[in-house]
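query-v3.cif, holding mmCIF, N, CA and C atoms:
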data_final
loop_
_atom_site.label_atom_id
_atom_site.label_comp_id
_atom_site.auth_asym_id
_atom_site.auth_seq_id
_atom_site.Cartn_x
_atom_site.Cartn_y
_atom_site.Cartn_z
N VAL Z 8 0.85 -1.19 0.00
CA VAL Z 8 0.00 0.00 0.00
C VAL Z 8 0.88 1.24 0.00
N GLN Z 9 0.63 2.14 -0.93
CA GLN Z 9 1.32 3.43 -0.95
C GLN Z 9 0.32 4.53 -0.61
N LEU Z 10 0.76 5.47 0.21
CA LEU Z 10 -0.13 6.51 0.70
C LEU Z 10 0.37 7.88 0.23
N GLN Z 11 -0.55 8.68 -0.27
CA GLN Z 11 -0.21 10.02 -0.75
C GLN Z 11 -1.12 11.03 -0.07
N ALA Z 12 -0.53 11.81 0.83
CA ALA Z 12 -1.31 12.81 1.56
C ALA Z 12 -1.28 14.14 0.84
N SER Z 13 -2.37 14.89 0.97
CA SER Z 13 -2.45 16.21 0.36
C SER Z 13 -3.43 17.07 1.14
N GLY Z 14 -3.43 18.37 0.83
CA GLY Z 14 -4.40 19.27 1.42
C GLY Z 14 -3.86 20.20 2.47
N GLY Z 15 -2.59 20.05 2.83
CA GLY Z 15 -2.02 20.95 3.81
C GLY Z 15 -1.89 22.37 3.29
N GLY Z 16 -1.63 23.29 4.20
CA GLY Z 16 -1.47 24.67 3.80
C GLY Z 16 -1.47 25.59 4.99
N LEU Z 17 -1.61 26.88 4.69
CA LEU Z 17 -1.62 27.92 5.72
C LEU Z 17 -3.05 28.37 5.95
N VAL Z 18 -3.45 28.43 7.21
CA VAL Z 18 -4.81 28.83 7.55
C VAL Z 18 -4.76 29.65 8.83
N GLN Z 19 -5.67 30.57 8.97
CA GLN Z 19 -5.74 31.37 10.19
C GLN Z 19 -6.41 30.59 11.32
N ALA Z 20 -6.07 30.94 12.52
CA ALA Z 20 -6.70 30.31 13.68
C ALA Z 20 -8.22 30.46 13.58
N GLY Z 21 -8.90 29.38 13.91
CA GLY Z 21 -10.35 29.36 13.80
C GLY Z 21 -10.85 28.85 12.46
N GLY Z 22 -9.94 28.71 11.52
CA GLY Z 22 -10.32 28.27 10.19
C GLY Z 22 -10.39 26.76 10.07
N SER Z 23 -10.62 26.32 8.84
CA SER Z 23 -10.79 24.90 8.57
C SER Z 23 -9.90 24.46 7.41
N LEU Z 24 -9.61 23.19 7.41
CA LEU Z 24 -8.80 22.59 6.36
C LEU Z 24 -9.17 21.12 6.27
N THR Z 25 -9.12 20.57 5.07
CA THR Z 25 -9.38 19.14 4.90
C THR Z 25 -8.17 18.48 4.26
N LEU Z 26 -7.67 17.47 4.91
CA LEU Z 26 -6.58 16.66 4.37
C LEU Z 26 -7.15 15.41 3.72
N SER Z 27 -6.47 14.96 2.70
CA SER Z 27 -6.84 13.71 2.03
C SER Z 27 -5.63 12.80 1.98
N CYS Z 28 -5.90 11.52 1.98
CA CYS Z 28 -4.83 10.54 1.84
C CYS Z 28 -5.33 9.47 0.87
N ALA Z 29 -4.73 9.43 -0.30
CA ALA Z 29 -5.10 8.45 -1.31
C ALA Z 29 -4.19 7.24 -1.22
N ALA Z 30 -4.77 6.07 -1.24
CA ALA Z 30 -4.01 4.83 -1.11
C ALA Z 30 -4.05 4.04 -2.40
N SER Z 31 -2.94 3.43 -2.73
CA SER Z 31 -2.90 2.54 -3.88
C SER Z 31 -3.13 1.12 -3.39
N GLY Z 32 -3.42 0.22 -4.28
CA GLY Z 32 -3.59 -1.16 -3.89
C GLY Z 32 -5.05 -1.54 -3.75
N ARG Z 33 -5.31 -2.83 -3.89
CA ARG Z 33 -6.69 -3.30 -3.88
C ARG Z 33 -7.14 -3.77 -2.51
N THR Z 34 -6.28 -3.62 -1.49
CA THR Z 34 -6.64 -4.12 -0.16
C THR Z 34 -6.91 -2.99 0.82
N PHE Z 35 -7.21 -1.80 0.30
CA PHE Z 35 -7.43 -0.63 1.15
C PHE Z 35 -8.46 -0.91 2.23
N SER Z 36 -9.53 -1.59 1.89
CA SER Z 36 -10.61 -1.81 2.83
C SER Z 36 -10.24 -2.82 3.93
N SER Z 37 -9.07 -3.42 3.85
CA SER Z 37 -8.60 -4.32 4.90
C SER Z 37 -7.84 -3.58 6.00
N TYR Z 38 -7.57 -2.30 5.77
CA TYR Z 38 -6.72 -1.54 6.66
C TYR Z 38 -7.50 -0.49 7.45
N ALA Z 39 -7.17 -0.40 8.70
CA ALA Z 39 -7.55 0.78 9.47
C ALA Z 39 -6.63 1.91 9.03
N MET Z 40 -7.16 3.11 8.97
CA MET Z 40 -6.40 4.27 8.51
C MET Z 40 -6.39 5.33 9.59
N GLY Z 41 -5.37 6.15 9.57
CA GLY Z 41 -5.32 7.18 10.59
C GLY Z 41 -4.38 8.30 10.22
N TRP Z 42 -4.28 9.25 11.15
CA TRP Z 42 -3.39 10.39 11.00
C TRP Z 42 -2.58 10.58 12.27
N PHE Z 43 -1.33 10.89 12.06
CA PHE Z 43 -0.43 11.31 13.13
C PHE Z 43 0.08 12.69 12.74
N ARG Z 44 0.71 13.36 13.69
CA ARG Z 44 1.32 14.65 13.38
C ARG Z 44 2.59 14.85 14.20
N ARG Z 45 3.47 15.65 13.65
CA ARG Z 45 4.70 16.01 14.35
C ARG Z 45 4.85 17.51 14.30
N ALA Z 46 4.74 18.13 15.45
CA ALA Z 46 4.92 19.58 15.56
C ALA Z 46 6.41 19.90 15.68
N PRO Z 47 6.80 21.11 15.34
CA PRO Z 47 8.21 21.48 15.43
C PRO Z 47 8.77 21.24 16.83
N GLY Z 48 9.86 20.50 16.91
CA GLY Z 48 10.51 20.24 18.18
C GLY Z 48 9.83 19.22 19.06
N LYS Z 49 8.81 18.55 18.53
CA LYS Z 49 8.08 17.57 19.34
C LYS Z 49 8.10 16.21 18.66
N GLU Z 50 7.72 15.20 19.44
CA GLU Z 50 7.63 13.86 18.89
C GLU Z 50 6.32 13.69 18.11
N ARG Z 51 6.34 12.72 17.23
CA ARG Z 51 5.13 12.41 16.49
C ARG Z 51 4.05 11.92 17.44
N GLU Z 52 2.81 12.34 17.20
CA GLU Z 52 1.72 11.95 18.08
C GLU Z 52 0.50 11.50 17.27
N PHE Z 53 -0.24 10.62 17.88
CA PHE Z 53 -1.49 10.12 17.31
C PHE Z 53 -2.51 11.25 17.26
N VAL Z 54 -3.26 11.31 16.15
CA VAL Z 54 -4.35 12.29 16.01
C VAL Z 54 -5.69 11.59 15.98
N THR Z 55 -5.84 10.65 15.04
CA THR Z 55 -7.13 9.99 14.88
C THR Z 55 -6.96 8.74 14.02
N ALA Z 56 -7.92 7.83 14.12
CA ALA Z 56 -7.91 6.62 13.30
C ALA Z 56 -9.35 6.16 13.05
N ILE Z 57 -9.50 5.37 12.00
CA ILE Z 57 -10.82 4.87 11.61
C ILE Z 57 -10.67 3.41 11.18
N ASN Z 58 -11.63 2.59 11.52
CA ASN Z 58 -11.50 1.17 11.19
C ASN Z 58 -11.83 0.92 9.72
N TRP Z 59 -11.74 -0.33 9.30
CA TRP Z 59 -11.83 -0.65 7.88
C TRP Z 59 -13.16 -0.23 7.25
N SER Z 60 -14.23 -0.30 8.03
CA SER Z 60 -15.55 0.00 7.48
C SER Z 60 -15.96 1.45 7.66
N GLY Z 61 -15.24 2.16 8.52
CA GLY Z 61 -15.66 3.52 8.85
C GLY Z 61 -16.63 3.58 10.01
N GLY Z 62 -16.93 2.43 10.58
CA GLY Z 62 -17.92 2.38 11.65
C GLY Z 62 -17.38 2.69 13.03
N SER Z 63 -16.07 2.77 13.15
CA SER Z 63 -15.46 3.04 14.45
C SER Z 63 -14.31 4.02 14.26
N THR Z 64 -14.24 4.98 15.17
CA THR Z 64 -13.18 5.98 15.10
C THR Z 64 -12.60 6.24 16.48
N GLY Z 65 -11.42 6.83 16.50
CA GLY Z 65 -10.80 7.24 17.75
C GLY Z 65 -10.07 8.55 17.55
N TYR Z 66 -10.01 9.37 18.60
CA TYR Z 66 -9.39 10.68 18.49
C TYR Z 66 -8.52 10.96 19.71
N ALA Z 67 -7.48 11.73 19.47
CA ALA Z 67 -6.71 12.28 20.59
C ALA Z 67 -7.58 13.30 21.29
N ASP Z 68 -7.40 13.44 22.60
CA ASP Z 68 -8.20 14.39 23.37
C ASP Z 68 -8.06 15.81 22.83
N SER Z 69 -6.89 16.14 22.32
CA SER Z 69 -6.61 17.50 21.87
C SER Z 69 -7.40 17.91 20.63
N VAL Z 70 -7.96 16.93 19.91
CA VAL Z 70 -8.68 17.26 18.67
C VAL Z 70 -10.14 16.84 18.71
N LYS Z 71 -10.56 16.19 19.77
CA LYS Z 71 -11.96 15.75 19.87
C LYS Z 71 -12.91 16.93 19.74
N GLY Z 72 -13.93 16.73 18.93
CA GLY Z 72 -14.91 17.79 18.74
C GLY Z 72 -14.53 18.80 17.67
N ARG Z 73 -13.29 18.76 17.21
CA ARG Z 73 -12.84 19.70 16.18
C ARG Z 73 -12.47 18.98 14.88
N PHE Z 74 -11.89 17.80 14.99
CA PHE Z 74 -11.45 17.04 13.82
C PHE Z 74 -12.40 15.87 13.59
N THR Z 75 -12.57 15.52 12.31
CA THR Z 75 -13.39 14.37 11.94
C THR Z 75 -12.68 13.57 10.87
N ILE Z 76 -12.52 12.29 11.13
CA ILE Z 76 -11.93 11.40 10.14
C ILE Z 76 -13.04 10.63 9.44
N SER Z 77 -12.84 10.40 8.15
CA SER Z 77 -13.80 9.61 7.38
C SER Z 77 -13.04 8.90 6.26
N ARG Z 78 -13.70 7.96 5.64
CA ARG Z 78 -13.06 7.24 4.55
C ARG Z 78 -14.08 6.89 3.48
N ASP Z 79 -13.57 6.73 2.27
CA ASP Z 79 -14.37 6.29 1.14
C ASP Z 79 -13.64 5.11 0.52
N ASN Z 80 -14.08 3.91 0.81
CA ASN Z 80 -13.37 2.73 0.33
C ASN Z 80 -13.47 2.58 -1.18
N ALA Z 81 -14.50 3.12 -1.77
CA ALA Z 81 -14.62 3.06 -3.23
C ALA Z 81 -13.55 3.91 -3.91
N LYS Z 82 -13.10 4.95 -3.21
CA LYS Z 82 -12.09 5.85 -3.76
C LYS Z 82 -10.72 5.61 -3.14
N ASN Z 83 -10.60 4.63 -2.26
CA ASN Z 83 -9.33 4.35 -1.57
C ASN Z 83 -8.76 5.61 -0.92
N THR Z 84 -9.61 6.36 -0.26
CA THR Z 84 -9.19 7.64 0.29
C THR Z 84 -9.72 7.82 1.72
N VAL Z 85 -8.86 8.39 2.56
CA VAL Z 85 -9.27 8.76 3.90
C VAL Z 85 -9.13 10.28 4.02
N TYR Z 86 -10.03 10.87 4.78
CA TYR Z 86 -10.08 12.32 4.90
C TYR Z 86 -9.94 12.74 6.37
N LEU Z 87 -9.41 13.93 6.56
CA LEU Z 87 -9.36 14.52 7.89
C LEU Z 87 -9.89 15.94 7.78
N GLN Z 88 -11.10 16.13 8.29
CA GLN Z 88 -11.70 17.46 8.32
C GLN Z 88 -11.28 18.12 9.63
N MET Z 89 -10.63 19.27 9.52
CA MET Z 89 -10.11 19.96 10.69
C MET Z 89 -10.80 21.32 10.80
N ASN Z 90 -11.53 21.49 11.87
CA ASN Z 90 -12.24 22.75 12.12
C ASN Z 90 -11.68 23.42 13.37
N SER Z 91 -12.01 24.69 13.52
CA SER Z 91 -11.57 25.45 14.70
C SER Z 91 -10.08 25.26 14.96
N LEU Z 92 -9.32 25.42 13.93
CA LEU Z 92 -7.88 25.17 14.05
C LEU Z 92 -7.21 26.17 14.98
N LYS Z 93 -6.20 25.67 15.69
CA LYS Z 93 -5.44 26.46 16.65
C LYS Z 93 -3.97 26.49 16.23
N PRO Z 94 -3.24 27.49 16.65
CA PRO Z 94 -1.81 27.51 16.32
C PRO Z 94 -1.08 26.24 16.76
N GLU Z 95 -1.53 25.65 17.86
CA GLU Z 95 -0.87 24.43 18.33
C GLU Z 95 -1.18 23.21 17.45
N ASP Z 96 -2.05 23.35 16.47
CA ASP Z 96 -2.28 22.28 15.50
C ASP Z 96 -1.23 22.30 14.38
N THR Z 97 -0.40 23.32 14.37
CA THR Z 97 0.65 23.42 13.36
C THR Z 97 1.58 22.21 13.45
N ALA Z 98 1.72 21.49 12.35
CA ALA Z 98 2.53 20.26 12.34
C ALA Z 98 2.57 19.70 10.93
N VAL Z 99 3.46 18.75 10.75
CA VAL Z 99 3.39 17.90 9.55
C VAL Z 99 2.46 16.74 9.89
N TYR Z 100 1.47 16.55 9.05
CA TYR Z 100 0.48 15.50 9.27
C TYR Z 100 0.78 14.32 8.35
N TYR Z 101 0.80 13.14 8.96
CA TYR Z 101 1.12 11.91 8.23
C TYR Z 101 -0.09 10.98 8.26
N CYS Z 102 -0.45 10.46 7.10
CA CYS Z 102 -1.45 9.41 7.13
C CYS Z 102 -0.77 8.06 7.32
N ALA Z 103 -1.50 7.13 7.86
CA ALA Z 103 -0.95 5.84 8.22
C ALA Z 103 -1.97 4.75 7.99
N ALA Z 104 -1.47 3.55 7.72
CA ALA Z 104 -2.33 2.39 7.50
C ALA Z 104 -1.83 1.23 8.33
N ALA Z 105 -2.76 0.54 8.95
CA ALA Z 105 -2.43 -0.65 9.73
C ALA Z 105 -3.48 -1.71 9.44
N PHE Z 106 -3.06 -2.92 9.14
CA PHE Z 106 -4.02 -3.98 8.88
C PHE Z 106 -5.01 -4.04 10.04
N ASP Z 107 -6.27 -4.13 9.73
CA ASP Z 107 -7.30 -4.02 10.76
C ASP Z 107 -7.53 -5.35 11.47
N TYR Z 108 -6.83 -5.53 12.60
CA TYR Z 108 -7.03 -6.70 13.44
C TYR Z 108 -8.08 -6.45 14.50
N GLY Z 109 -8.70 -5.28 14.44
CA GLY Z 109 -9.72 -4.97 15.44
C GLY Z 109 -9.17 -4.30 16.67
N LEU Z 110 -7.96 -3.78 16.61
CA LEU Z 110 -7.39 -3.08 17.75
C LEU Z 110 -8.18 -1.80 18.03
N ALA Z 111 -8.18 -1.43 19.29
CA ALA Z 111 -8.83 -0.17 19.66
C ALA Z 111 -8.10 0.99 18.99
N LEU Z 112 -8.87 2.00 18.61
CA LEU Z 112 -8.32 3.10 17.81
C LEU Z 112 -7.98 4.28 18.71
N GLY Z 113 -6.99 4.09 19.54
CA GLY Z 113 -6.59 5.16 20.45
C GLY Z 113 -5.11 5.38 20.45
N PRO Z 114 -4.66 6.43 21.10
CA PRO Z 114 -3.23 6.79 21.06
C PRO Z 114 -2.32 5.74 21.69
N ARG Z 115 -2.81 4.96 22.62
CA ARG Z 115 -1.96 3.96 23.28
C ARG Z 115 -2.06 2.60 22.61
N THR Z 116 -3.01 2.42 21.71
CA THR Z 116 -3.25 1.09 21.14
C THR Z 116 -3.02 1.03 19.64
N TRP Z 117 -3.29 2.10 18.94
CA TRP Z 117 -3.16 2.08 17.49
C TRP Z 117 -1.79 2.61 17.12
N ASN Z 118 -0.81 1.74 17.23
CA ASN Z 118 0.57 2.17 17.02
C ASN Z 118 1.41 1.17 16.23
N LYS Z 119 0.82 0.11 15.74
CA LYS Z 119 1.58 -0.85 14.91
C LYS Z 119 1.27 -0.57 13.45
N ILE Z 120 1.92 0.41 12.93
CA ILE Z 120 1.64 0.94 11.60
C ILE Z 120 2.40 0.15 10.54
N ASP Z 121 1.69 -0.21 9.49
CA ASP Z 121 2.32 -0.95 8.39
C ASP Z 121 2.85 -0.01 7.31
N TYR Z 122 2.13 1.07 7.05
CA TYR Z 122 2.53 1.98 5.97
C TYR Z 122 2.34 3.43 6.40
N TRP Z 123 3.26 4.29 5.95
CA TRP Z 123 3.20 5.72 6.22
C TRP Z 123 3.15 6.50 4.92
N GLY Z 124 2.41 7.60 4.95
CA GLY Z 124 2.45 8.56 3.86
C GLY Z 124 3.61 9.52 4.06
N GLN Z 125 3.79 10.44 3.11
CA GLN Z 125 4.97 11.30 3.12
C GLN Z 125 4.80 12.56 3.97
N GLY Z 126 3.62 12.86 4.42
CA GLY Z 126 3.40 14.03 5.26
C GLY Z 126 2.97 15.25 4.47
N THR Z 127 2.12 16.04 5.09
CA THR Z 127 1.69 17.30 4.50
C THR Z 127 1.66 18.35 5.62
N LEU Z 128 2.20 19.53 5.34
CA LEU Z 128 2.38 20.54 6.36
C LEU Z 128 1.13 21.39 6.54
N VAL Z 129 0.72 21.51 7.79
CA VAL Z 129 -0.39 22.40 8.15
C VAL Z 129 0.16 23.49 9.07
N THR Z 130 -0.05 24.73 8.68
CA THR Z 130 0.41 25.86 9.47
C THR Z 130 -0.79 26.72 9.84
N VAL Z 131 -0.97 26.92 11.14
CA VAL Z 131 -2.09 27.72 11.62
C VAL Z 131 -1.52 29.00 12.23
N SER Z 132 -1.89 30.11 11.65
CA SER Z 132 -1.38 31.40 12.13
C SER Z 132 -2.33 32.00 13.16
N SER Z 133 -1.75 32.72 14.11
CA SER Z 133 -2.58 33.31 15.17
C SER Z 133 -3.05 34.71 14.77
#
As C-alpha cells, what does this structure read like?
Amino acid sequence: VQLQASGGGLVQAGGSLTLSCAASGRTFSSYAMGWFRRAPGKEREFVTAINWSGGSTGYADSVKGRFTISRDNAKNTVYLQMNSLKPEDTAVYYCAAAFDYGLALGPRTWNKIDYWGQGTLVTVSS
C-alpha cells in the first residue's frame, strides 16, 4: 500500500482545512487508517484513526470535537476534516495504514503501523 497525503497549507486560527490521503492497492478496505502529526521540536503523536468500514473511530483528546476522520473505500481515500484550528495544531500531518485486526483506535493502542504517507504541512497562524 502506498499513501499520498495532500491538502495541507496555511490557515488562520479558527479556520478549517481538509486533508486527504489516497491509497494505492486493492486491499485498502482491509486496513484501518489514521493520521499522526509532528509539531516542530516535538515527537510524532497520534491524532485519529478509523477502522476498515468507517464504523469506528478514535481521536486524541486534543482534537476531539474539532477534527473528523472519514473514509471512502470506493475511492481508496481517507479524509481529515479539521475545524476550529489552533496555532498548536501546526505540524506535519502523516497518514498511516495498519491492517485491521480490530485493535482499539486510540493513542496507546493504534501504534503498529504498516505503511506511512509522506506528510503534509499544516500551518495555523494566530
Checklist entry - Written as a ChimeraX atom specification, what is the full residue list that the PyMOL selection byres ((chain Z and resi 31) around 6.5) yields on the file shown? => result /Z:8-11,29-30,32-35,83
Prev. selection, N, CA and C atoms, output as a short mmCIF file (atom, residue, chain, number, x, y, z; two decimals), in the frame of the given file:
data_model
loop_
_atom_site.label_atom_id
_atom_site.label_comp_id
_atom_site.auth_asym_id
_atom_site.auth_seq_id
_atom_site.Cartn_x
_atom_site.Cartn_y
_atom_site.Cartn_z
N VAL Z 8 0.85 -1.19 0.00
CA VAL Z 8 0.00 0.00 0.00
C VAL Z 8 0.88 1.24 0.00
N GLN Z 9 0.63 2.14 -0.93
CA GLN Z 9 1.32 3.43 -0.95
C GLN Z 9 0.32 4.53 -0.61
N LEU Z 10 0.76 5.47 0.21
CA LEU Z 10 -0.13 6.51 0.70
C LEU Z 10 0.37 7.88 0.23
N GLN Z 11 -0.55 8.68 -0.27
CA GLN Z 11 -0.21 10.02 -0.75
C GLN Z 11 -1.12 11.03 -0.07
N ALA Z 29 -4.73 9.43 -0.30
CA ALA Z 29 -5.10 8.45 -1.31
C ALA Z 29 -4.19 7.24 -1.22
N ALA Z 30 -4.77 6.07 -1.24
CA ALA Z 30 -4.01 4.83 -1.11
C ALA Z 30 -4.05 4.04 -2.40
N GLY Z 32 -3.42 0.22 -4.28
CA GLY Z 32 -3.59 -1.16 -3.89
C GLY Z 32 -5.05 -1.54 -3.75
N ARG Z 33 -5.31 -2.83 -3.89
CA ARG Z 33 -6.69 -3.30 -3.88
C ARG Z 33 -7.14 -3.77 -2.51
N THR Z 34 -6.28 -3.62 -1.49
CA THR Z 34 -6.64 -4.12 -0.16
C THR Z 34 -6.91 -2.99 0.82
N PHE Z 35 -7.21 -1.80 0.30
CA PHE Z 35 -7.43 -0.63 1.15
C PHE Z 35 -8.46 -0.91 2.23
N ASN Z 83 -10.60 4.63 -2.26
CA ASN Z 83 -9.33 4.35 -1.57
C ASN Z 83 -8.76 5.61 -0.92
#
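Among Z:Ser23, Z:Thr75, Z:Ser37, Z:Asn90, the residue with the shortest atom-to-atom distance to Thr55 (chain Z), counting all atoms listed in the file, is Z:Thr75.
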Checklist entry - For Arg78 (chain Z), which of Z:Ser91, Z:Trp42, Z:Val129, Z:Ile57 is the closest residue, counting only N, CA and C atoms? => result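 Nearest to Arg78 (chain Z): Z:Ile57.
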Item to check | Selection near Ala103 (chain Z), 12 Å with only C-alpha atoms, sequence-local residues under 6 positions removed, as number ranges by chain | outcome: Z: 8-12, 27-30, 35, 38-44, 52-58, 84-86, 117-126
Checklist entry - Where does DSSP see strand (DSSP E) in region 18-120 of chain Z, if you list the residues as a ChimeraX atom specification? => result /Z:18-19,24-30,38-45,52-57,64-66,74-79,84-89,98-106
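Taking CA of Pro47 (chain Z) and CA of Ala98 (chain Z) as endpoints, the distance between them is 6.6 Å.
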Checklist outcome for this item: What separates CA of Thr130 (chain Z) and CA of Ser77 (chain Z) is a distance of 21.7 Å
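Taking only N, CA and C atoms into account, those protein, DNA and RNA residues with any atom at most 8 Å away from (-6.0, 21.4, 8.7) amount to Gly14, Gly15, Gly16, Val18, Gly22, Ser23, Leu24, Thr25, Leu26, Leu87, Gln88, Met89, Asn90, Leu92, Asp96, Leu128, Val129, Thr130 and Val131 of chain Z.
The space separating CA of Gly61 (chain Z) from CA of Tyr101 (chain Z) comes to 18.8 Å.
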Next on the checklist: Under the PyMOL selection byres ((chain Z and resi 113) around 7), which residues of this model are included? Write them out as an NGL selection string.
Outcome noted: :Z and (53 or 56 or 64-67 or 110-112 or 114-118)
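With only C-alpha atoms as the atoms that count, the residue of Z:Thr127, Z:Ala81, Z:Phe74, Z:Ser69 with the shortest distance to Tyr100 (chain Z) is Z:Thr127.
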Among region 8-119 of chain Z, which residues carry a DSSP assignment of helix (DSSP H, G or I), reported as a CSV table (one decimal) with N, CA and C atoms, in the coordinates of the input?
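File written: out-v8.csv
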chain,number,residue,atom,x,y,z
Z,35,PHE,N,-7.2,-1.8,0.3
Z,35,PHE,CA,-7.4,-0.6,1.2
Z,35,PHE,C,-8.5,-0.9,2.2
Z,36,SER,N,-9.5,-1.6,1.9
Z,36,SER,CA,-10.6,-1.8,2.8
Z,36,SER,C,-10.2,-2.8,3.9
Z,37,SER,N,-9.1,-3.4,3.8
Z,37,SER,CA,-8.6,-4.3,4.9
Z,37,SER,C,-7.8,-3.6,6.0
Z,94,PRO,N,-3.2,27.5,16.6
Z,94,PRO,CA,-1.8,27.5,16.3
Z,94,PRO,C,-1.1,26.2,16.8
Z,95,GLU,N,-1.5,25.6,17.9
Z,95,GLU,CA,-0.9,24.4,18.3
Z,95,GLU,C,-1.2,23.2,17.4
Z,96,ASP,N,-2.0,23.4,16.5
Z,96,ASP,CA,-2.3,22.3,15.5
Z,96,ASP,C,-1.2,22.3,14.4
As lines of an AutoDock Vina configuration file, please report the centre and edge lengths, rounded to one decimal in Å, of the axis-aligned box that holds all listed atoms of region 40-59 of chain Z with 5 Å of padding on each of the six sides.
center_x = -1.3
center_y = 10.4
center_z = 13.3
size_x = 33.7
size_y = 32.1
size_z = 22.2
Checklist entry - Which of these, Z:Tyr108, Z:Ser60, Z:Glu50, Z:Pro94, has the shortest distance to Asp79 (chain Z) once you count all atoms listed in the file? => result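 Smallest distance to Asp79 (chain Z) is found for Z:Ser60.
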